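Chemist: This is the content of coords09.txt (compact mmCIF, C-alpha atoms and all ligand atoms):
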```
# COMPACT_ATOMS: atom_id res chain seq x y z
CA MET A 17 0.00 0.00 0.00
CA ASP A 18 1.33 3.47 -0.90
CA SER A 19 1.82 5.84 2.01
CA ILE A 20 1.80 9.62 2.31
CA LEU A 21 2.63 11.89 5.23
CA ILE A 22 0.72 15.18 5.20
CA SER A 23 1.49 17.96 7.68
CA GLY A 24 -1.33 20.24 8.82
CA ALA A 25 -3.95 17.67 7.89
CA ASN A 26 -6.62 18.55 10.46
CA ARG A 27 -8.32 21.19 8.31
CA GLY A 28 -8.25 22.99 4.97
CA ILE A 29 -6.32 21.59 2.04
CA GLY A 30 -4.45 19.11 4.24
CA LEU A 31 -7.69 17.54 5.44
CA GLU A 32 -8.94 17.17 1.88
CA LEU A 33 -5.59 15.68 0.82
CA ALA A 34 -5.96 13.14 3.64
CA ARG A 35 -9.53 12.38 2.60
CA GLN A 36 -8.73 11.81 -1.09
CA PHE A 37 -5.53 9.84 -0.62
CA ALA A 38 -7.21 7.61 1.98
CA ALA A 39 -10.19 7.12 -0.33
CA GLY A 40 -7.74 6.19 -3.08
CA GLY A 41 -6.35 3.34 -0.99
CA TRP A 42 -3.26 5.09 0.36
CA HIS A 43 -2.16 4.80 3.99
CA VAL A 44 -2.19 8.38 5.28
CA LEU A 45 0.09 9.59 8.06
CA ALA A 46 -1.81 12.75 8.93
CA THR A 47 -0.21 15.22 11.30
CA ALA A 48 -1.97 17.73 13.50
CA ARG A 49 -0.86 19.99 16.31
CA LYS A 50 -3.66 18.65 18.49
CA PRO A 51 -4.55 15.10 17.45
CA ASP A 52 -7.22 14.86 20.15
CA GLU A 53 -9.12 17.68 18.48
CA ALA A 54 -8.77 16.37 14.91
CA GLU A 55 -12.27 14.91 14.77
CA GLU A 56 -12.73 15.31 11.02
CA LEU A 57 -9.49 13.44 10.37
CA ALA A 58 -10.42 10.69 12.79
CA ALA A 59 -13.74 10.28 11.00
CA LEU A 60 -12.00 9.50 7.70
CA GLY A 61 -11.51 5.86 8.58
CA SER A 62 -8.96 3.15 8.93
CA ASN A 63 -6.45 4.33 6.33
CA ILE A 64 -5.66 7.37 8.49
CA GLU A 65 -3.05 7.41 11.24
CA ILE A 66 -3.00 10.68 13.18
CA LEU A 67 0.33 11.88 14.52
CA GLU A 68 1.24 14.94 16.54
CA LEU A 69 3.39 17.59 14.91
CA GLU A 70 4.03 21.26 15.57
CA VAL A 71 6.16 22.09 12.54
CA ASP A 72 7.68 25.20 14.14
CA ASN A 73 9.32 23.15 16.87
CA GLU A 74 12.41 21.07 16.23
CA ALA A 75 11.74 18.86 19.28
CA SER A 76 8.33 18.00 17.82
CA ILE A 77 9.93 17.13 14.47
CA ALA A 78 12.54 15.01 16.27
CA ALA A 79 9.79 13.19 18.18
CA LEU A 80 7.96 12.43 14.93
CA LYS A 81 11.20 11.18 13.40
CA GLU A 82 11.63 8.83 16.35
CA THR A 83 8.02 7.62 16.12
CA LEU A 84 8.42 6.85 12.42
CA LYS A 85 11.90 5.32 12.63
CA GLY A 86 12.26 2.45 10.17
CA ARG A 87 8.91 3.04 8.45
CA PRO A 88 8.96 3.68 4.70
CA ILE A 89 7.00 6.70 3.42
CA ASP A 90 6.30 6.97 -0.30
CA VAL A 91 5.39 10.66 -0.38
CA LEU A 92 6.16 13.36 2.17
CA PHE A 93 3.93 16.40 1.67
CA ALA A 94 4.87 19.45 3.77
CA ASN A 95 1.54 21.25 3.63
CA ALA A 96 1.19 23.14 6.92
CA GLY A 97 1.50 26.88 6.52
CA ILE A 98 0.39 30.31 7.68
CA THR A 99 -0.01 33.68 6.01
CA GLY A 100 0.94 36.23 8.65
CA ASP A 101 -0.62 39.63 8.16
CA LEU A 102 -1.57 39.64 4.47
CA LYS A 103 -2.94 43.17 4.56
CA ALA A 104 0.09 44.89 6.09
CA MET A 105 1.37 47.74 3.93
CA ALA A 106 5.18 47.98 3.61
CA GLY A 107 5.43 50.33 6.58
CA ASP A 108 3.41 48.03 8.79
CA VAL A 109 5.24 44.72 8.22
CA THR A 110 6.81 43.69 11.50
CA ARG A 111 10.03 41.77 11.96
CA GLU A 112 8.24 39.42 14.33
CA ASP A 113 5.49 38.50 11.87
CA PHE A 114 7.93 38.26 8.96
CA LEU A 115 10.26 35.89 10.79
CA LYS A 116 7.44 33.78 12.23
CA VAL A 117 6.06 33.15 8.74
CA GLN A 118 9.54 32.41 7.43
CA ALA A 119 9.98 29.88 10.23
CA VAL A 120 6.72 28.05 9.51
CA ASN A 121 6.58 28.29 5.70
CA GLY A 122 10.27 28.45 4.84
CA PHE A 123 12.30 26.61 7.44
CA ALA A 124 9.84 24.03 8.83
CA PRO A 125 9.23 22.13 5.55
CA PHE A 126 12.99 21.92 5.07
CA ALA A 127 13.49 20.68 8.65
CA LEU A 128 10.73 18.09 8.23
CA ALA A 129 12.13 16.86 4.92
CA ARG A 130 15.63 16.30 6.24
CA ALA A 131 14.29 14.64 9.40
CA LEU A 132 12.26 12.10 7.40
CA ARG A 133 14.65 11.66 4.48
CA GLU A 134 15.51 8.08 5.43
CA ASN A 135 11.81 7.15 5.56
CA VAL A 136 11.24 8.49 2.04
CA LEU A 137 14.40 6.80 0.79
CA ALA A 138 12.94 3.54 2.07
CA GLY A 139 9.66 4.14 0.20
CA GLU A 140 8.88 3.21 -3.40
CA ARG A 141 7.92 6.57 -4.86
CA LYS A 142 10.57 8.67 -3.09
CA VAL A 143 8.69 11.99 -3.43
CA VAL A 144 9.38 14.97 -1.19
CA ALA A 145 6.75 17.64 -1.86
CA ALA A 146 6.06 21.03 -0.32
CA MET A 147 3.06 23.32 -0.69
CA SER A 148 4.08 26.46 -2.50
CA SER A 149 1.89 29.17 -3.99
CA LEU A 150 1.59 31.50 -6.95
CA MET A 151 2.52 34.12 -4.34
CA SER A 152 6.02 32.62 -4.38
CA SER A 153 6.53 33.82 -7.92
CA VAL A 154 8.74 36.85 -8.40
CA THR A 155 8.07 37.15 -12.12
CA ALA A 156 4.28 36.83 -11.80
CA ASN A 157 4.12 39.50 -9.11
CA ASP A 158 2.79 42.56 -10.89
CA TRP A 159 0.48 43.79 -8.13
CA GLY A 160 2.63 43.84 -4.99
CA THR A 161 1.10 43.16 -1.56
CA GLN A 162 1.55 40.18 0.82
CA TYR A 163 5.24 40.95 1.52
CA THR A 164 5.63 38.47 4.34
CA TYR A 165 3.77 35.55 2.81
CA ARG A 166 5.36 35.99 -0.61
CA ALA A 167 8.87 36.11 0.85
CA SER A 168 8.25 32.93 2.84
CA LYS A 169 7.08 30.92 -0.15
CA THR A 170 9.88 32.24 -2.37
CA ALA A 171 12.34 31.11 0.32
CA LEU A 172 10.65 27.71 0.40
CA ASN A 173 11.05 27.41 -3.37
CA ALA A 174 14.73 28.28 -3.21
CA SER A 175 15.57 25.72 -0.55
CA TRP A 176 13.43 23.05 -2.27
CA VAL A 177 15.21 23.45 -5.59
CA ALA A 178 18.51 23.14 -3.74
CA LEU A 179 17.22 19.98 -2.04
CA ALA A 180 16.08 18.64 -5.41
CA GLU A 181 19.60 19.00 -6.75
CA ALA A 182 21.28 17.59 -3.65
CA TRP A 183 18.96 14.61 -3.35
CA ARG A 184 18.43 13.78 -7.02
CA PRO A 185 21.47 11.45 -7.03
CA LEU A 186 19.86 9.52 -4.15
CA GLY A 187 16.76 8.90 -6.26
CA LEU A 188 14.56 11.38 -4.37
CA THR A 189 12.16 13.61 -6.31
CA CYS A 190 11.70 16.99 -4.58
CA VAL A 191 8.86 19.06 -6.02
CA LEU A 192 6.83 22.13 -5.16
CA ILE A 193 3.07 22.06 -5.60
CA ARG A 194 0.70 25.01 -6.11
CA PRO A 195 -2.90 24.40 -4.97
CA GLY A 196 -4.50 27.42 -6.67
CA MET A 197 -6.60 29.82 -4.63
CA VAL A 198 -8.64 27.47 -2.50
CA ALA A 199 -11.61 28.19 -0.25
CA THR A 200 -10.22 27.48 3.23
CA ARG A 201 -9.94 29.42 6.47
CA MET A 202 -6.71 30.87 5.08
CA THR A 203 -8.58 32.64 2.26
CA ASN A 204 -11.75 33.40 4.22
CA PHE A 205 -13.28 30.61 2.15
CA THR A 206 -12.74 32.38 -1.17
CA GLY A 207 -11.57 30.44 -4.21
CA ILE A 208 -11.99 27.04 -5.81
CA ARG A 209 -13.26 24.05 -3.87
CA ALA A 210 -10.63 22.11 -1.94
CA GLU A 211 -12.04 18.96 -3.56
CA ASP A 212 -11.13 20.22 -7.02
CA SER A 213 -7.70 21.54 -6.07
CA VAL A 214 -6.81 18.30 -4.31
CA ALA A 215 -8.11 16.08 -7.11
CA GLY A 216 -5.69 17.91 -9.41
CA MET A 217 -2.76 17.75 -6.97
CA LYS A 218 -3.35 14.06 -6.30
CA SER A 219 -3.19 13.36 -9.99
CA VAL A 220 0.03 15.40 -10.29
CA ILE A 221 1.63 13.56 -7.36
CA GLU A 222 0.64 10.13 -8.63
CA GLY A 223 2.15 10.93 -12.00
CA LEU A 224 5.51 12.26 -10.80
CA THR A 225 8.73 10.81 -12.14
CA PRO A 226 12.34 11.60 -11.20
CA ALA A 227 12.45 13.98 -14.18
CA ASP A 228 10.07 16.29 -12.28
CA ALA A 229 12.59 17.02 -9.51
CA GLY A 230 13.01 20.75 -8.99
CA ARG A 231 9.73 21.76 -10.68
CA ILE A 232 6.91 23.83 -9.25
CA ILE A 233 3.71 22.31 -10.54
CA GLY A 234 0.16 23.62 -10.24
CA TYR A 235 -2.91 21.56 -9.36
CA ASP A 236 -3.68 21.91 -13.07
CA GLY A 237 -0.41 20.22 -14.01
CA LEU A 238 1.11 23.45 -15.35
CA ASP A 239 4.46 24.87 -14.31
CA VAL A 240 4.28 27.99 -12.16
CA PRO A 241 6.66 30.81 -13.12
CA TRP A 242 9.54 31.35 -10.69
N1 LIG B 301 -5.82 28.25 0.49
C1 LIG B 301 -5.14 28.75 -0.55
O1 LIG B 301 -5.71 29.42 -1.44
C2 LIG B 301 -3.66 28.48 -0.69
C3 LIG B 301 -3.01 28.95 -1.83
C4 LIG B 301 -1.66 28.69 -1.98
C5 LIG B 301 -0.97 27.97 -1.04
N2 LIG B 301 -1.62 27.54 0.07
C6 LIG B 301 -0.86 26.78 1.05
O2 LIG B 301 -1.50 25.56 1.30
C7 LIG B 301 -1.20 25.11 2.63
C8 LIG B 301 -2.49 24.79 3.36
O3 LIG B 301 -3.28 25.97 3.38
P1 LIG B 301 -4.84 25.96 3.79
O4 LIG B 301 -5.51 26.87 2.83
O5 LIG B 301 -5.31 24.60 3.97
O6 LIG B 301 -4.74 26.73 5.20
P2 LIG B 301 -5.55 26.53 6.55
O7 LIG B 301 -6.94 26.11 6.30
O8 LIG B 301 -5.28 27.77 7.33
O9 LIG B 301 -4.80 25.26 7.24
C9 LIG B 301 -3.47 25.40 7.64
C10 LIG B 301 -3.04 24.09 8.25
O10 LIG B 301 -1.65 24.24 8.64
C11 LIG B 301 -1.54 23.92 10.02
N3 LIG B 301 -0.48 24.67 10.67
C12 LIG B 301 -0.26 26.00 10.67
N4 LIG B 301 0.81 26.29 11.42
C13 LIG B 301 1.28 25.11 11.91
C14 LIG B 301 2.34 24.76 12.76
N5 LIG B 301 3.17 25.68 13.27
N6 LIG B 301 2.54 23.45 13.04
C15 LIG B 301 1.71 22.51 12.55
N7 LIG B 301 0.66 22.78 11.75
C16 LIG B 301 0.46 24.08 11.45
C17 LIG B 301 -2.89 24.27 10.61
O11 LIG B 301 -3.05 23.63 11.88
P3 LIG B 301 -3.93 24.30 13.07
O12 LIG B 301 -5.37 23.93 12.78
O13 LIG B 301 -3.40 23.65 14.30
O14 LIG B 301 -3.72 25.77 13.02
C18 LIG B 301 -3.81 23.72 9.54
O15 LIG B 301 -3.91 22.34 9.64
C19 LIG B 301 -0.38 26.24 3.27
O16 LIG B 301 1.00 25.94 3.15
C20 LIG B 301 -0.72 27.43 2.41
O17 LIG B 301 0.27 28.43 2.43
C21 LIG B 301 -2.95 27.77 0.28
```
If you convert what's in this file into structure tokens, what do you get?
Modeler:
Amino acid sequence: MDSILISGANRGIGLELARQFAAGGWHVLATARKPDEAEELAALGSNIEILELEVDNEASIAALKETLKGRPIDVLFANAGITGDLKAMAGDVTREDFLKVQAVNGFAPFALARALRENVLAGERKVVAAMSSLMSSVTANDWGTQYTYRASKTALNASWVALAEAWRPLGLTCVLIRPGMVATRMTNFTGIRAEDSVAGMKSVIEGLTPADAGRIIGYDGLDVPW
């Protein structure tokens, strides 16, 4: 049975990823900060295993690594993320908010990937994915705004491409995925349905080959500009 680890799977896109991969016969390692409160995940059935993870805490990542020691994982999907203050004008962006979002969106996926590298190496598919965004794109940014969030996802992209190059010789495929603008709490429930975004991303993930390492791919299968 294929397996996928999804961070931030208790709500939003992560929950829908868990739902669709489980329904597709995958074993889902679904992480949540508070597993006891992840009722919707728990209701998804027997293909779901709920694990505790606060991604912005290296001790929590180390504990997850220990829990999963020796277990192969086919796909690691670093999905958990935050926006920070999206509406802050340049003069209002705070160092604290900027660095917090960098820590969660930029550093944490990288820390999670390196912690679980051996698990993915032991899997069949050997995919290491992270949730990026069109907001990561420098060349597509012709309307400004969202300084903090954009910078965090651009940083994520940069470290992921570096990982893709470093880990390609090991047979690992590191990719970035763009979900589109999806109706979740993050977007005040504006955008496309999570069901549709995730159906597209699932198809992209299931079709990945080593030649895709280093790409940023949309839920529609199209490359996102850097
Ligand atoms: N929605 C969109 O339109 C859109 C577009 C582009 C990219 N994305 C990206 O897609 C991913 C999921 O977004 P979403 O729309 O599903 O957002 P969401 O509904 O706000 O869900 C975010 C998820 O991340 C978890 N999370 C946040 N900080 C965490 C931390 N420090 N440790 C562990 N888990 C943490 C949340 O857990 P809690 O419930 O415990 O807070 C929740 O499960 C994010 O990376 C986001 O940047 C979303």
Chemist: For ligand LIG 301 (chain B), collect every residue having any atom at a distance of at most 9 Å from a ligand atom (counting only C-alpha atoms and all ligand atoms); output as an MDAnalysis selection string.
Modeler: chainID A and resid 23:32 47:50 54 68:73 94:99 119:121 124 146:152 165 169 193:208 210
Chemist: Work out how far apart atom CA of Thr164 of chain A and atom CA of Gly234 of chain A are and give it in Å to one decimal.
Modeler: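 According to the coordinates, atom CA of Thr164 of chain A and atom CA of Gly234 of chain A are separated by 21.5 Å.
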Chemist: Which residue out of A:Ala178, A:Leu21, A:Leu102, A:Ala46 has the minimum interatomic distance to Leu128 of chain A when all atoms listed in the file are used?
Modeler: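 Among the listed residues, the smallest separation from Leu128 of chain A belongs to A:Leu21.
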Chemist: For atom CA of Val220 of chain A and atom CA of Ser76 of chain A, determine how far apart the two atoms are, in Å to one decimal place.
Modeler: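 One can read the atom CA of Val220 of chain A to atom CA of Ser76 of chain A distance as 29.4 Å.
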Chemist: Residues near segment 58-65 of chain A, anyone? I mean within 10 Å using only C-alpha atoms, not counting same-chain ones fewer than 4 positions away, as a PyMOL selection string.
Modeler: chain A and resi 19-21+26+31+34-47+51-54
Chemist: Which distance in Å separates atom CA of Ile221 of chain A and atom CA of Leu179 of chain A, to one decimal?
Modeler: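 Here the two named atoms are 17.7 Å from each other.
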Chemist: May I ask which of the residues A:Leu80, A:Ala229, A:Val91, A:Ala167 is the closest one to Phe114 of chain A, counting all atoms listed in the file?
Modeler: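 Using all atoms listed in the file, Phe114 of chain A sits closest to A:Ala167.
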Chemist: Could you check which of A:Leu115, A:Leu192, A:Ala138, A:Val144 is closest to Tyr163 of chain A, using only C-alpha atoms?
Modeler: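 For Tyr163 of chain A, the nearest of the given residues is A:Leu115.
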Chemist: Using only C-alpha atoms, pick whichever of A:Lys81, A:Lys218, A:Arg166, A:Arg231 has the shortest atom-to-atom distance to Ala127 of chain A.
Modeler: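 Selected residue with least distance to Ala127 of chain A: A:Lys81.
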Chemist: Of the candidates A:Met17, A:Leu92, A:Ala171, A:Leu57, which one gets nearest to Gly122 of chain A if we count all atoms listed in the file?
Modeler: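 The closest residue to Gly122 of chain A is A:Ala171.
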